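J.: Have a look at the structure that comes next, please.
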2 protein chains.
Amino acid sequence: MPRSSMRNEQVADQLHAAAIRLLRFLRKEDAAAGVTPAQLSALSVLAFGGPQTLGALAAAEQVKPPTMSQLVGTLESLGLVCRKPLDRRSSQIAITRRGRQLMEAGRKRRLAKLSRALDALPADQIDKLAQAAGLIVAITDPIS
Amino acid sequence: MPRSSMRNEQVADQLHAAAIRLLRFLRKEDAAAGVTPAQLSALSVLAFGGPQTLGALAAAEQVKPPTMSQLVGTLESLGLVCRKPLDRRSSQIAITRRGRQLMEAGRKRRLAKLSRALDALPADQIDKLAQAAGLIVAITDPIS
DNA sequence: TCACACAGTTAGGCAACCTAACTATCTGGA
DNA sequence: TCCAGATAGTTAGGTTGCCTAACTGTGTGA
């Protein structure tokens with residue numbers, strides 16, 4: 001086995017553990033914001049990716065349609081997204097003003113917790129985290 | 001608001017999104033290995049941190065005792081951990097040989113998926129991911 | 001010795017996933 | 001024209017992982 005693959009195996013483990021810890025760390029803050037992490041993530045996709053169909057949103061979030069169907073149902077009943085029919089079997093889902101506001105509020109809540117931790121780090125380490133986040137999103141992107 | 005805090009807010013968001021994506025990306029492989037991510041994480045703590053009480057394990061994993069109680073119950077029924085009574089109300093929980101084997105198998109499954117992605121990256125970017133993982137674990141560590 | 005602290009479990013509930021099966025709609029080719 | 005098949009989404013039912021509240025049983029110090 002080449003040395004680089006052994007290394008990658010370790011990195012895979014470390015990233016896995018780090019992701020689990022980070023989400024547990026942030027979950028409480030998300031809950032306090034009145035939305036769950038999955039809801040926040042979907043709102044974020046709609047905010048930055050624009051209106052899209054349920055199927056596209058499910059693909060972007062890497063979940064199956066029934067999961068997204070339920071999630072969007074909840075968000076709609078909360079007035080955070082709305083549907084604009086395309087034809088009689090599908091709609092475009094768009095974030096509402098309230099949804100956008102709530103997403104910003106959630107971001108601020110997370111900030112309160114995570115930025116205290118980040119503030120303790122030197123700028124170059126924060127850079128590394130930012131770059132790492134970008135890399136992770138890139139390599140887990142269903143499009144790529 | 002100082003510039004660094006604005007920056008940290010963005011990094012917080014990016015890390016959050018990255019963690020969600022990474023776990024969704026890896027979940028299927030964990031399932032194929034016959035253990036769930038939370039189980040794998042607990043086994044990992046026991047493998048590297050040594051035997052410990054249920055309460056300590058819950059604290060290490062940043063979950064509440066009932067959560068860990070159920071998780072350990074499952075792992076025990078699968079023969080992946082065992083309990084050694086300390087007194088009549090608490091035990092030390094230790095990973096078994098089978099638990100260790102299964103953890104290694106899970107690691108290999110994740111490798112199969114993630115390392116293909118990592119292999120496409122230059123070594124310096126893999127370094128960044130490894131360092132970032134270490135930073136995340138450090139800043140979300142309940143002990144620190 | 002006995003009241004309180006401590007360790008863990010039980011009960012009940014919710015969010016986020018999944019697969020399988022279904023409904024309804026659209027569309028292309030005979 | 002029209003219907004077979006593809007497509008979009010929902011419903012039904014199940015699992016895992018997390019929580020709080022309430023409980024049981026055990027240990028301990030004043």
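Just so we're on the same page: first chain in the structure tokens is A, next is B, and so on; residues restart at 1 for each chain, and ligands are numbered from 1 in the order they show up.
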At a cut-off of 6 Å, list the chain A residues touching chain B, using only C-alpha atoms, as a list of chain:residue names.
T.: A:Asn8, A:Glu9, A:Val11, A:Gln14, A:Leu15, A:Ala18, A:Ala19, A:Leu111, A:Ser115, A:Ala117, A:Leu129, A:Ala130, A:Ala132, A:Ala133, A:Ile136, A:Val137, A:Ile139
J.: Keeping only C-alpha atoms, write the selected residues to a file as a compact mmCIF listing (two decimals), in the first residue's frame.
T.:
# COMPACT_ATOMS: atom_id res chain seq x y z
CA ASN A 8 -5.50 9.52 3.27
CA GLU A 9 -7.07 6.84 5.42
CA VAL A 11 -7.24 11.98 7.17
CA GLN A 14 -9.96 12.61 11.27
CA LEU A 15 -12.37 14.47 9.03
CA ALA A 18 -14.26 16.37 13.20
CA ALA A 19 -17.53 16.60 11.26
CA LEU A 111 -21.34 32.86 15.29
CA SER A 115 -16.50 32.61 16.72
CA ALA A 117 -13.60 29.47 19.58
CA LEU A 129 -10.21 26.09 8.28
CA ALA A 130 -11.82 28.22 5.60
CA ALA A 132 -10.53 23.11 4.29
CA ALA A 133 -14.26 23.86 4.32
CA ILE A 136 -14.71 19.47 1.64
CA VAL A 137 -17.64 21.05 -0.13
CA ILE A 139 -14.98 16.97 -3.05
J.: For a quick test of understanding: name the residues of chain C lying within 12 Å of chain B when counting only C-alpha atoms (C1' of nucleotides), and present them as a ChimeraX atom specification.
T.: /C:6-11,16-18
J.: Identify all chain D residues at most 9 Å from chain A by counting only C-alpha atoms (C1' of nucleotides); ligands do not count. Present them as a PDB file with C-alpha atoms (C1' of nucleotides), in the first residue's frame.
T.:
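Output file out_29.pdb follows:
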ATOM      1  C1'  DA D   8     -42.211  14.685 -10.086  1.00  0.00           C
ATOM      2  C1'  DG D   9     -43.687  14.362  -5.949  1.00  0.00           C
ATOM      3  C1'  DT D  10     -46.223  12.263  -1.860  1.00  0.00           C
TER       4       DT D  10
END
J.: Write down as a PyMOL selection string the residues belonging to chain B that are assigned helix (DSSP H, G or I) by DSSP computed on the backbone.
T.: chain B and resi 3-32+37-49+54-60+65-77+97-119+123-139
J.: For the atom pair atom CA of B:Ala42 and atom CA of B:Ala94, what is the interatomic distance in Å to one decimal place?
T.: 10.6 Å
J.: Could you go through stretch 65-127 of chain A and tell me which residues DSSP, when run on the backbone, assigns to strand (DSSP E or B), listing them as a count of residues only?
T.: 10
